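Trainee: To be precise about what I am sending: the file is called target.txt and holds compact mmCIF, C-alpha atoms.
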```
# COMPACT_ATOMS: atom_id res chain seq x y z
CA GLY A 1 -7.59 -15.76 0.40
CA THR A 2 -6.68 -13.45 3.20
CA ILE A 3 -5.69 -9.84 2.55
CA ASP A 4 -2.02 -10.54 3.19
CA GLN A 5 -2.02 -13.38 0.68
CA MET A 6 -3.65 -11.27 -2.00
CA TYR A 7 -1.50 -8.17 -1.58
CA LEU A 8 1.79 -9.67 -0.40
CA GLY A 9 1.81 -12.85 -2.46
CA LEU A 10 2.14 -15.17 0.53
CA ARG A 11 1.29 -18.85 0.51
CA ILE A 12 -1.41 -19.70 3.08
CA GLY A 13 1.14 -21.56 5.23
CA GLU A 14 3.47 -18.55 5.16
CA ALA A 15 0.69 -16.17 6.19
CA LEU A 16 -0.39 -18.43 9.04
CA ALA A 17 3.21 -18.83 10.25
CA LEU A 18 3.80 -15.07 10.65
CA ARG A 19 4.88 -14.12 14.17
CA SER A 20 4.96 -10.73 15.81
CA THR A 21 8.76 -10.75 15.47
CA ASP A 22 8.35 -10.98 11.66
CA ILE A 23 6.55 -7.62 11.48
CA ASN A 24 8.45 -4.32 11.56
CA LEU A 25 5.90 -1.49 11.52
CA GLN A 26 8.60 1.18 11.92
CA LYS A 27 9.95 0.23 8.48
CA ASN A 28 6.70 -1.33 7.14
CA LEU A 29 8.38 -4.66 6.43
CA VAL A 30 7.34 -8.28 6.90
CA SER A 31 9.92 -11.08 7.00
CA VAL A 32 8.77 -14.39 5.56
CA ASN A 33 10.92 -17.20 6.93
CA LYS A 34 8.70 -20.11 8.00
CA THR A 35 5.57 -21.94 6.93
CA LEU A 36 2.88 -24.01 8.58
CA THR A 37 2.78 -27.48 7.09
CA THR A 38 1.57 -30.96 8.01
CA ASP A 39 3.57 -33.93 9.19
CA LYS A 40 3.11 -37.52 8.02
CA ASN A 41 0.15 -37.88 10.42
CA LYS A 42 -1.58 -34.80 8.96
CA LYS A 43 -0.88 -32.80 12.14
CA VAL A 44 -0.22 -29.08 11.55
CA ILE A 45 3.34 -28.16 12.50
CA MET A 46 5.59 -25.12 12.17
CA GLY A 47 8.22 -25.71 9.52
CA ASN A 48 11.78 -24.53 10.11
CA THR A 49 11.88 -22.67 6.80
CA THR A 50 9.75 -21.73 3.80
CA LYS A 51 8.70 -24.20 1.12
CA THR A 52 11.74 -23.24 -0.99
CA TYR A 53 15.02 -21.46 -0.23
CA ALA A 54 13.92 -18.53 -2.40
CA GLY A 55 10.77 -18.31 -0.27
CA LYS A 56 12.70 -16.54 2.49
CA ARG A 57 12.17 -12.87 1.79
CA THR A 58 11.39 -9.45 3.22
CA LEU A 59 8.43 -7.61 1.74
CA PRO A 60 7.13 -4.06 2.08
CA ILE A 61 3.79 -3.72 3.85
CA PRO A 62 1.43 -1.50 1.82
CA ASP A 63 0.21 1.49 3.84
CA PHE A 64 -3.42 0.35 3.73
CA LEU A 65 -2.47 -2.96 5.41
CA VAL A 66 -0.64 -1.34 8.36
CA PRO A 67 -3.83 -0.95 10.48
CA ILE A 68 -4.65 -4.63 9.93
CA PHE A 69 -1.19 -5.70 11.10
CA GLU A 70 -1.45 -3.32 14.08
CA GLU A 71 -4.75 -4.95 15.07
CA GLN A 72 -3.46 -8.49 14.59
CA LEU A 73 -0.33 -7.77 16.64
CA LYS A 74 -2.61 -7.22 19.65
CA TYR A 75 -3.71 -10.84 19.36
CA ALA A 76 -0.20 -12.15 18.78
CA ASN A 77 0.96 -11.04 22.22
CA GLY A 78 -1.51 -13.44 23.84
CA ASP A 79 -0.72 -16.39 21.59
CA LEU A 80 1.68 -19.08 22.80
CA HIS A 81 3.84 -18.81 19.67
CA ASN A 82 3.29 -15.06 19.01
CA LEU A 83 1.40 -15.94 15.82
CA ILE A 84 -0.26 -13.02 14.01
CA PHE A 85 -3.27 -14.95 12.68
CA THR A 86 -4.92 -17.29 15.17
CA THR A 87 -8.26 -18.83 16.00
CA ASN A 88 -9.86 -19.92 19.27
```
Now that the file is in, can you turn its structure into structure tokens?
Mentor:
Amino acid sequence: GTIDQMYLGLRIGEALALRSTDINLQKNLVSVNKTLTTDKNKKVIMGNTTKTYAGKRTLPIPDFLVPIFEEQLKYANGDLHNLIFTTN
């Protein structure tokens, strides 16, 4: 899994749904509030919430992950949905 999954305990859909607005580097916090999922036609869509109600949470970002989030935030600004983790 990705670093954020391993050290923050995120589901893959939660990690992929992270937006730049979910990251607060001043307080080293990440807000988990959405997930990527698939619709009935197997198309990837952004869910309105996490898989479960308890899935909505704010987590501390470990110091060693801050540079990774800083780097990924550079890419988020160019993404249509401000997603942190994207591909071409």
Trainee: Can you pull out the residues contacting A:Ser20? Cut-off 12 Å, using all atoms listed in the file, and skip same-chain residues under 4 positions away; I want them as a PyMOL selection string.
Mentor: chain A and resi 15-16+24-25+29-32+69-86
Trainee: Check the smallest atom-to-atom distance from each of A:Thr35, A:Asn41, A:Gln5, A:Gln26 to A:Asp63 using all atoms listed in the file, then report the winner.
Mentor: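 Smallest separation from A:Asp63 among the options: A:Gln26.
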Trainee: Would you work out the distance separating atom CA of A:Lys56 from atom CA of A:Glu14, expressed in Å to one decimal?
Mentor: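 Separation between atom CA of A:Lys56 and atom CA of A:Glu14: 9.8 Å.
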Trainee: How far is it from atom CA of A:Leu36 to atom CA of A:Leu18, in Å with one decimal?
Mentor: 9.2 Å
Trainee: Could you jot down the atom CA of A:Pro60 to atom CA of A:Asn28 separation for me, Å, one decimal place?
Mentor: 5.8 Å
Trainee: Out of A:Asp39, A:Lys34, A:Met46, A:Pro67, which residue has the shortest atom-to-atom distance to A:Arg11 when counting all atoms listed in the file?
Mentor: A:Lys34
Trainee: Kindly output stretch 23-44 of chain A as a short mmCIF file (atom, residue, chain, number, x, y, z; two decimals), in the coordinates of the input, after building N, CA and C atoms.
Mentor:
```cif
data_model
loop_
_atom_site.label_atom_id
_atom_site.label_comp_id
_atom_site.auth_asym_id
_atom_site.auth_seq_id
_atom_site.Cartn_x
_atom_site.Cartn_y
_atom_site.Cartn_z
N ILE A 23 7.17 -8.86 11.93
CA ILE A 23 6.55 -7.62 11.48
C ILE A 23 7.34 -6.43 12.03
N ASN A 24 7.76 -5.54 11.15
CA ASN A 24 8.45 -4.32 11.56
C ASN A 24 7.62 -3.14 11.05
N LEU A 25 6.78 -2.59 11.93
CA LEU A 25 5.90 -1.49 11.52
C LEU A 25 6.64 -0.16 11.44
N GLN A 26 7.82 -0.04 12.05
CA GLN A 26 8.60 1.18 11.92
C GLN A 26 9.11 1.33 10.49
N LYS A 27 9.45 0.21 9.86
CA LYS A 27 9.95 0.23 8.48
C LYS A 27 8.94 -0.32 7.48
N ASN A 28 7.75 -0.73 7.98
CA ASN A 28 6.70 -1.33 7.14
C ASN A 28 7.22 -2.52 6.34
N LEU A 29 7.83 -3.47 7.07
CA LEU A 29 8.38 -4.66 6.43
C LEU A 29 7.87 -5.91 7.14
N VAL A 30 7.68 -6.96 6.36
CA VAL A 30 7.34 -8.28 6.90
C VAL A 30 8.39 -9.27 6.41
N SER A 31 8.92 -10.07 7.34
CA SER A 31 9.92 -11.08 7.00
C SER A 31 9.22 -12.44 6.91
N VAL A 32 9.35 -13.08 5.78
CA VAL A 32 8.77 -14.39 5.56
C VAL A 32 9.91 -15.40 5.69
N ASN A 33 9.82 -16.26 6.71
CA ASN A 33 10.92 -17.20 6.93
C ASN A 33 10.50 -18.58 7.41
N LYS A 34 9.19 -18.81 7.57
CA LYS A 34 8.70 -20.11 8.00
C LYS A 34 7.37 -20.38 7.30
N THR A 35 6.89 -21.60 7.45
CA THR A 35 5.57 -21.94 6.93
C THR A 35 4.92 -22.97 7.83
N LEU A 36 3.60 -22.93 7.92
CA LEU A 36 2.88 -24.01 8.58
C LEU A 36 2.71 -25.11 7.56
N THR A 37 2.88 -26.33 7.98
CA THR A 37 2.78 -27.48 7.09
C THR A 37 2.18 -28.63 7.88
N THR A 38 2.07 -29.79 7.29
CA THR A 38 1.57 -30.96 8.01
C THR A 38 2.63 -32.04 8.03
N ASP A 39 2.63 -32.81 9.12
CA ASP A 39 3.57 -33.93 9.19
C ASP A 39 2.93 -35.16 8.56
N LYS A 40 3.61 -36.29 8.68
CA LYS A 40 3.11 -37.52 8.02
C LYS A 40 1.78 -37.99 8.60
N ASN A 41 1.42 -37.52 9.80
CA ASN A 41 0.15 -37.88 10.42
C ASN A 41 -0.92 -36.82 10.21
N LYS A 42 -0.65 -35.87 9.30
CA LYS A 42 -1.58 -34.80 8.96
C LYS A 42 -1.77 -33.80 10.10
N LYS A 43 -0.85 -33.78 11.06
CA LYS A 43 -0.88 -32.80 12.14
C LYS A 43 -0.19 -31.53 11.67
N VAL A 44 -0.81 -30.37 11.96
CA VAL A 44 -0.22 -29.08 11.55
C VAL A 44 0.98 -28.78 12.43
#
```
